[in-house]
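> Here you go, one structure.
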Amino acid sequence: MDDIVHQAMAKWPNVPDCFGWLGLDSRGQWYMRDDRVQLLGTFQSGQDGVKGSVLRHEKLIAFIHRNYEADAQGRWFFQNGPQRVYVELEAAPFVWRLNERFEPTAHTGQPTQAIACLVDEVGRVYLHTHHGFGLVHTWDVALVAEAIEQGHWTPQACLARELPQRFGFVISPQQGQENQAGSRA
């Protein structure tokens, strides 16, 4: 995490958390989701127009990547100065790109090594790695097939709905927050 972020957290320790305003899609792209977009539906719904606006500013994206991590409940967030901005995930906390040696690199830029390869009920490929769990970018599925053919990986069948619990991540922190608020009422 950036030093400036630690300093801001120390200076303003009681800034409320933010939910629903940032999403990560299955291609590793970040989306800003204003109130209007959030009213249209959930980030994960797949409906047109509900993802929000894709971020294109390279320095902002690099800042998000450096300050992206998970809390103890498995909710992924971007620490934006003193404010924790929880991330709506389309599929998983990381999106992996593969090189010609089948080594995964996260959408955030960290290289890692695969521990396991999983394929869900609709054919999406995931990797459990030393860095964490994520979805393989669709452009790299052919490399996954090569890795399997060469005996580097043995794919395991899985159900997408079971992956968050199995690998300890939360798809929608916003939905969890809304459920908590409803149960307190």
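Ordering of the structure tokens sets the chain letters (A, B, ...); residue numbers start at 1 within each chain; ligands are numbered from 1 in the order shown.
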So that I can see what lies close to Thr105 of chain A, please list as a list in words the residues with an atom at most 6 Å from it, counting only C-alpha atoms and leaving out residues fewer than 6 positions away in the same chain.

Trp96, Arg97 and Pro111 of chain A

> Could you write out that same residue set with all heavy atoms as a compact mmCIF listing (two decimals), in the first residue's frame?


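Printed below is part_21.txt as written:
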```txt
# COMPACT_ATOMS: atom_id res chain seq x y z
N TRP A 96 -6.26 -13.34 -14.64
CA TRP A 96 -4.91 -13.78 -15.00
C TRP A 96 -4.66 -13.69 -16.50
O TRP A 96 -5.51 -14.06 -17.29
CB TRP A 96 -4.69 -15.25 -14.59
CG TRP A 96 -4.96 -15.52 -13.16
CD1 TRP A 96 -5.93 -16.34 -12.65
CD2 TRP A 96 -4.28 -14.98 -12.02
NE1 TRP A 96 -5.89 -16.34 -11.28
CE2 TRP A 96 -4.88 -15.52 -10.87
CE3 TRP A 96 -3.22 -14.08 -11.88
CZ2 TRP A 96 -4.45 -15.18 -9.58
CZ3 TRP A 96 -2.79 -13.76 -10.60
CH2 TRP A 96 -3.41 -14.31 -9.48
N ARG A 97 -3.50 -13.20 -16.84
CA ARG A 97 -2.96 -13.28 -18.20
C ARG A 97 -1.80 -14.26 -18.13
O ARG A 97 -1.09 -14.33 -17.13
CB ARG A 97 -2.47 -11.92 -18.69
CG ARG A 97 -3.55 -10.84 -18.82
CD ARG A 97 -4.73 -11.22 -19.74
NE ARG A 97 -4.35 -11.75 -21.02
CZ ARG A 97 -4.22 -11.04 -22.15
NH1 ARG A 97 -4.49 -9.75 -22.14
NH2 ARG A 97 -3.86 -11.62 -23.27
N PRO A 111 3.31 -11.19 -10.94
CA PRO A 111 3.46 -12.56 -11.47
C PRO A 111 3.33 -13.57 -10.34
O PRO A 111 3.57 -13.25 -9.18
CB PRO A 111 4.89 -12.56 -12.04
CG PRO A 111 5.61 -11.50 -11.27
CD PRO A 111 4.58 -10.48 -10.87
```

> Could you give me, as a ChimeraX atom specification, the residues within 9 Å of segment 117-127 of chain A, counting only C-alpha atoms and dropping anything in the same chain fewer than 4 positions from it?

/A:92,95-96,104,132-138,141,144,153-160

> Show me, as a ChimeraX atom specification, the residues that have an atom within 10 Å of His130 of chain A when counting only C-alpha atoms, minus same-chain residues fewer than 5 positions from it.

/A:111-116

> Write a file of the just-selected residues containing N, CA and C atoms, as a tab-separated table (two decimals), in the first residue's frame.


```
chain	number	residue	atom	x	y	z
A	111	PRO	N	3.31	-11.19	-10.94
A	111	PRO	CA	3.46	-12.56	-11.47
A	111	PRO	C	3.33	-13.57	-10.34
A	112	THR	N	2.92	-14.78	-10.68
A	112	THR	CA	2.73	-15.83	-9.67
A	112	THR	C	2.86	-17.19	-10.33
A	113	GLN	N	2.61	-18.23	-9.57
A	113	GLN	CA	2.64	-19.61	-10.06
A	113	GLN	C	1.29	-20.26	-9.76
A	114	ALA	N	0.81	-21.07	-10.70
A	114	ALA	CA	-0.47	-21.75	-10.53
A	114	ALA	C	-0.33	-22.94	-9.59
A	115	ILE	N	-1.32	-23.10	-8.73
A	115	ILE	CA	-1.43	-24.26	-7.84
A	115	ILE	C	-2.43	-25.25	-8.41
A	116	ALA	N	-3.56	-24.71	-8.94
A	116	ALA	CA	-4.62	-25.55	-9.48
A	116	ALA	C	-5.34	-24.84	-10.61
```

> Could you name the residues that touch segment 23-28 of chain A at 6 Å or less, counting only C-alpha atoms, but leaving out those on the same chain fewer than 5 positions away, as a compact mmCIF listing (two decimals) with all heavy atoms, in the first residue's frame?


```
# COMPACT_ATOMS: atom_id res chain seq x y z
N VAL A 87 -15.05 -3.43 -3.76
CA VAL A 87 -15.13 -3.73 -5.19
C VAL A 87 -16.17 -4.81 -5.47
O VAL A 87 -16.16 -5.87 -4.86
CB VAL A 87 -13.74 -4.20 -5.72
CG1 VAL A 87 -13.82 -4.58 -7.19
CG2 VAL A 87 -12.70 -3.11 -5.50
N GLU A 88 -17.04 -4.50 -6.41
CA GLU A 88 -17.98 -5.48 -6.94
C GLU A 88 -17.23 -6.32 -7.98
O GLU A 88 -16.66 -5.77 -8.91
CB GLU A 88 -19.17 -4.78 -7.59
CG GLU A 88 -20.03 -3.99 -6.62
CD GLU A 88 -20.75 -4.91 -5.64
OE1 GLU A 88 -21.56 -5.75 -6.07
OE2 GLU A 88 -20.48 -4.77 -4.43
N LEU A 89 -17.23 -7.62 -7.80
CA LEU A 89 -16.50 -8.52 -8.71
C LEU A 89 -17.47 -9.17 -9.68
O LEU A 89 -18.51 -9.68 -9.27
CB LEU A 89 -15.79 -9.61 -7.91
CG LEU A 89 -14.82 -9.15 -6.83
CD1 LEU A 89 -14.33 -10.34 -6.01
CD2 LEU A 89 -13.65 -8.39 -7.45
N GLU A 90 -17.10 -9.18 -10.96
CA GLU A 90 -17.93 -9.90 -11.92
C GLU A 90 -17.75 -11.41 -11.76
O GLU A 90 -18.71 -12.17 -11.85
CB GLU A 90 -17.58 -9.49 -13.35
CG GLU A 90 -18.50 -10.11 -14.37
CD GLU A 90 -18.30 -9.58 -15.77
OE1 GLU A 90 -17.31 -8.86 -16.02
OE2 GLU A 90 -19.14 -9.88 -16.62
N ALA A 91 -16.50 -11.85 -11.49
CA ALA A 91 -16.25 -13.28 -11.40
C ALA A 91 -15.31 -13.68 -10.27
O ALA A 91 -15.54 -14.68 -9.60
CB ALA A 91 -15.71 -13.81 -12.73
N VAL A 95 -7.80 -11.35 -12.38
CA VAL A 95 -7.91 -11.81 -13.76
C VAL A 95 -6.49 -12.10 -14.22
O VAL A 95 -5.62 -11.22 -14.13
CB VAL A 95 -8.60 -10.77 -14.66
CG1 VAL A 95 -8.63 -11.25 -16.11
CG2 VAL A 95 -10.01 -10.47 -14.15
N HIS A 107 -4.08 -9.06 -13.18
CA HIS A 107 -4.43 -7.80 -13.83
C HIS A 107 -3.76 -6.62 -13.13
O HIS A 107 -3.58 -5.56 -13.71
CB HIS A 107 -5.95 -7.61 -13.86
CG HIS A 107 -6.56 -7.37 -12.52
ND1 HIS A 107 -6.80 -8.39 -11.61
CD2 HIS A 107 -6.93 -6.22 -11.90
CE1 HIS A 107 -7.31 -7.87 -10.52
NE2 HIS A 107 -7.41 -6.56 -10.66
N HIS A 137 -8.12 -14.74 -18.32
CA HIS A 137 -8.64 -13.86 -19.37
C HIS A 137 -9.01 -14.72 -20.59
O HIS A 137 -8.28 -15.65 -20.95
CB HIS A 137 -7.57 -12.83 -19.74
CG HIS A 137 -8.07 -11.69 -20.55
ND1 HIS A 137 -8.45 -11.82 -21.87
CD2 HIS A 137 -8.26 -10.39 -20.23
CE1 HIS A 137 -8.83 -10.65 -22.34
NE2 HIS A 137 -8.73 -9.76 -21.35
```

> DSSP on the backbone, then: every residue of segment 85-141 of chain A marked helix (DSSP H, G or I), written as a ChimeraX atom specification.

/A:138-141

> Would you export the selected residues with all heavy atoms as a PDB file, in the first residue's frame, please?


```pdb
ATOM      1  N   THR A 138     -10.119 -14.398 -21.222  1.00  0.00           N
ATOM      2  CA  THR A 138     -10.589 -15.202 -22.362  1.00  0.00           C
ATOM      3  C   THR A 138      -9.557 -15.290 -23.485  1.00  0.00           C
ATOM      4  O   THR A 138      -9.510 -16.291 -24.191  1.00  0.00           O
ATOM      5  CB  THR A 138     -11.911 -14.642 -22.932  1.00  0.00           C
ATOM      6  OG1 THR A 138     -11.740 -13.257 -23.257  1.00  0.00           O
ATOM      7  CG2 THR A 138     -13.045 -14.815 -21.944  1.00  0.00           C
ATOM      8  N   TRP A 139      -8.742 -14.273 -23.661  1.00  0.00           N
ATOM      9  CA  TRP A 139      -7.725 -14.308 -24.716  1.00  0.00           C
ATOM     10  C   TRP A 139      -6.665 -15.378 -24.475  1.00  0.00           C
ATOM     11  O   TRP A 139      -5.928 -15.744 -25.386  1.00  0.00           O
ATOM     12  CB  TRP A 139      -7.043 -12.956 -24.856  1.00  0.00           C
ATOM     13  CG  TRP A 139      -7.898 -11.883 -25.448  1.00  0.00           C
ATOM     14  CD1 TRP A 139      -9.124 -12.024 -26.027  1.00  0.00           C
ATOM     15  CD2 TRP A 139      -7.599 -10.504 -25.509  1.00  0.00           C
ATOM     16  NE1 TRP A 139      -9.606 -10.820 -26.444  1.00  0.00           N
ATOM     17  CE2 TRP A 139      -8.678  -9.861 -26.126  1.00  0.00           C
ATOM     18  CE3 TRP A 139      -6.518  -9.744 -25.082  1.00  0.00           C
ATOM     19  CZ2 TRP A 139      -8.705  -8.493 -26.359  1.00  0.00           C
ATOM     20  CZ3 TRP A 139      -6.550  -8.382 -25.312  1.00  0.00           C
ATOM     21  CH2 TRP A 139      -7.627  -7.764 -25.941  1.00  0.00           C
ATOM     22  N   ASP A 140      -6.576 -15.886 -23.245  1.00  0.00           N
ATOM     23  CA  ASP A 140      -5.512 -16.834 -22.906  1.00  0.00           C
ATOM     24  C   ASP A 140      -6.001 -18.266 -22.692  1.00  0.00           C
ATOM     25  O   ASP A 140      -5.232 -19.132 -22.269  1.00  0.00           O
ATOM     26  CB  ASP A 140      -4.770 -16.345 -21.653  1.00  0.00           C
ATOM     27  CG  ASP A 140      -4.012 -15.055 -21.924  1.00  0.00           C
ATOM     28  OD1 ASP A 140      -3.759 -14.746 -23.095  1.00  0.00           O
ATOM     29  OD2 ASP A 140      -3.674 -14.365 -20.957  1.00  0.00           O
ATOM     30  N   VAL A 141      -7.238 -18.544 -23.034  1.00  0.00           N
ATOM     31  CA  VAL A 141      -7.773 -19.893 -22.858  1.00  0.00           C
ATOM     32  C   VAL A 141      -7.043 -20.894 -23.761  1.00  0.00           C
ATOM     33  O   VAL A 141      -6.821 -22.048 -23.371  1.00  0.00           O
ATOM     34  CB  VAL A 141      -9.303 -19.913 -23.062  1.00  0.00           C
ATOM     35  CG1 VAL A 141      -9.857 -21.322 -23.064  1.00  0.00           C
ATOM     36  CG2 VAL A 141      -9.975 -19.080 -21.977  1.00  0.00           C
TER      37      VAL A 141
END
```

> From a DSSP pass on the backbone, collect the residues of segment 91-154 of chain A flagged as strand (DSSP E or B) and hand them back as a PyMOL selection string.

chain A and resi 94-98+104-106+111+114-119+125-129+133-136

> Can you spit out the residues from that selection as an mmCIF file, in the first residue's frame, using C-alpha atoms?


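Saved as selection_5.cif:
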```cif
data_model
loop_
_atom_site.group_PDB
_atom_site.id
_atom_site.type_symbol
_atom_site.label_atom_id
_atom_site.label_comp_id
_atom_site.auth_asym_id
_atom_site.auth_seq_id
_atom_site.Cartn_x
_atom_site.Cartn_y
_atom_site.Cartn_z
ATOM 1 C CA PHE A 94 -8.004 -11.483 -9.988
ATOM 2 C CA VAL A 95 -7.912 -11.814 -13.760
ATOM 3 C CA TRP A 96 -4.911 -13.782 -15.005
ATOM 4 C CA ARG A 97 -2.959 -13.284 -18.203
ATOM 5 C CA LEU A 98 -0.550 -16.053 -19.214
ATOM 6 C CA PRO A 104 0.075 -16.210 -14.743
ATOM 7 C CA THR A 105 0.271 -12.482 -14.082
ATOM 8 C CA ALA A 106 -2.575 -10.709 -12.273
ATOM 9 C CA PRO A 111 3.464 -12.556 -11.472
ATOM 10 C CA ALA A 114 -0.466 -21.750 -10.527
ATOM 11 C CA ILE A 115 -1.426 -24.262 -7.839
ATOM 12 C CA ALA A 116 -4.621 -25.553 -9.483
ATOM 13 C CA CYS A 117 -6.667 -25.133 -12.667
ATOM 14 C CA LEU A 118 -10.476 -25.202 -12.465
ATOM 15 C CA VAL A 119 -13.184 -25.136 -15.133
ATOM 16 C CA VAL A 125 -11.151 -21.276 -16.572
ATOM 17 C CA TYR A 126 -9.816 -20.230 -13.165
ATOM 18 C CA LEU A 127 -6.424 -20.548 -11.538
ATOM 19 C CA HIS A 128 -5.709 -20.890 -7.850
ATOM 20 C CA THR A 129 -2.230 -19.393 -7.428
ATOM 21 C CA PHE A 133 -7.693 -16.941 -6.939
ATOM 22 C CA GLY A 134 -8.789 -15.602 -10.301
ATOM 23 C CA LEU A 135 -10.292 -16.049 -13.716
ATOM 24 C CA VAL A 136 -8.120 -16.608 -16.786
#
```

> Atom CA of Gln29 of chain A and atom CA of Ile61 of chain A are how many Å apart?

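A separation of 9.1 Å between them.
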
> Nearest to Phe63 of chain A: which of A:Asn80, A:Arg161, A:Val170, A:Glu146 is it, counting only C-alpha atoms?

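Of all the options, A:Asn80 lies closest to Phe63 of chain A.
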
> Which residues, written as an NGL selection string, have at least one atom at most 9 Å from Pro16 of chain A, with only C-alpha atoms counted and residues fewer than 5 positions away on the same chain left out?

:A and (82-84)
